[in-house]
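Presented below is the structure to which this report refers.
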Amino acid sequence: MQLYNTLSAKERATLIEEAGLERLTISFYKYAHIDNTSLFRNHLFIQWNELDVLGRIYVANEGINAQLSVPAVKFEAFKKHLDSISFLENVRLNIAIEQDNKSFLKLKVKVRNKIVADGLNDDTFDVTNKGIHVGAEQFNELIEDPDAILVDMRNHYESEIGHFKNAITPDVDTFRDSLDEIENDLAEHKEDKKLVMYCTGGIRCEKASAYYKHKGFKQVYQLEGGIIDYARQVNDKGLENKFLGKNFVFDHRRGERISNDVISKCHQCGAPCDTHVNCANEACHLLFIQCEECTRRMNECCSDDCKEVHALPFEEQKKLRKGKGASNKIFKKGRSEVLKFKK
């Protein structure tokens with residue numbers, strides 16, 4: 001029984017190119033009580049591997065969080081399988097605005113403690129006791145209400161390239177950090193203000209809405225389907241788009257454009273830019289924003305030191321990395337001191 005990938009990412013990319021078939025980038029989540037997570041994980045891998053599904057899926061006792069690439073010709077079969085699972089029947093699927101056949105190159109289904117890492121050890125709140133879900137049209141109306149406070153539940157490197165007008169964008173590295181910061185900053189408004197939240201696809205807001213209700217916030221709202229579904233509804237219904245810039249996504253695309261506004265800048269030269277890259281030096285791999293000119297000038301690297309290492313023969317690079325753990329810069333996501341124009 002095959003429960004692992006047999007092809008490398010490079011081999012898979014070649015097969016996708018040769019096939020020449022359209023693939024759909026899809027995400028979905030569902031909070032539910034799953035008892036035997038390992039058995040469920042294995043079931044998903046077997047079924048989805050047969051359908052040539054690729055992606056990153058987390059399974060936990062609290063539910064499932066999935067980001068996938070599905071062959072368009074097999075979408076109906078994939079949907080039929082989802083509907084055969086009781087708690088996933090008719091689950092909302094967020095289909096990407098900008099498609100990329102190579103958004104994912106492997107199928108990874110992992111068992112985790114939680115589908116959203118929140119760092120919480122508080123089991124007294126019910127994650128299914130969520131806030132009020134609103135669609136794009138109601139969301140647009142709600143955020144114009146003077147009694148509403150709009151909060152971005154994503155991390156700094158996500159909101160840096162795109163966010164809603166007038167949103168509070170916490171300067172945090174993790175979802176856990178944002179939970180505390182927002183609660184402290186808005187503590188005096190638990191009774192009198194409407195707390196309106198959004199994130200990429202809705203999964204972080206769902207947990208946050210339950211958490212803030214547990215903490216005493218009386219009026220809690222969240223954007224149904226997150227920014228991904230908001231963009232679709234805006235296009236389908238001809239609504240005013242109140243989102244500025246790009247929506248950061250967690251696949252090889254790293255972002256999909258929602259408006260033509262470029263609200264961030266290259267971290268190396270300060271020119272308007274909202275393209276995220278990873279430093280080409282594998283020992284660094286820092287995520288940062290880099291314009292085309294700096295990409296050429298720096299050979300896709302974040303610093304002169306990394307540029308020198310990246311220019312070495314591959315075997316020499318491997319020797320330099322041998323015996324060393326991953327650089328801390330891999331976790332900094334745009335906060336390295338070598339980035340002169342990080343806001």
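Labels used: A, B, ... for chains in the order of the structure tokens, numbers from 1 for residues in each chain, and numbers from 1 for ligands as shown.
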TODO: Determine, counting only C-alpha atoms, which protein, DNA and RNA residues have an atom within 8 Å of an atom of region 266-271 of chain A; residues of the same chain fewer than 5 positions away are not included. Present the result as a count of residues only.
DONE: 11
TODO: Could you please write out, as a VMD selection string, every residue of region 103-313 of chain A that DSSP assigns to alpha helix (DSSP H)?
DONE: chain A and resid 136 to 142 156 to 159 175 to 185 203 to 214 226 to 237 292 to 297 304 to 310
Open item on the list: Could you list, as a PyMOL selection string, every residue within 12 Å of region 48-52 of chain A, counting only C-alpha atoms and ignoring same-chain residues fewer than 4 positions away?
Closed with: chain A and resi 1-7+12+15-16+19+21+23-24+41-44+56-57+66+68-82+104-109
Task: Residues flagged strand (DSSP E) by DSSP in region 105-231 of chain A, as a list in words - done: Leu107, Lys108, Val109, Lys110, Val111, Ile132, His133, Val134, Ala148, Ile149, Leu150, Val151, Asp152, Gly162, His163, Phe164, Lys194, Leu195, Val196, Met197, Tyr198, Gln219, Val220, Tyr221, Gln222 and Leu223 of chain A
TODO: Report the distance between CA of Ile97 (chain A) and CA of Phe139 (chain A) in Å, rounded to one decimal place.
DONE: 19.3 Å
Open item on the list: Applying 12 Å and only C-alpha atoms, which residues near His276 (chain A) remain after dropping the ones on its own chain fewer than 3 positions away? List them as a PyMOL selection string.
Closed with: chain A and resi 157-158+160-161+246-256+264-267+273+279+285-292+295+300+302+333-334
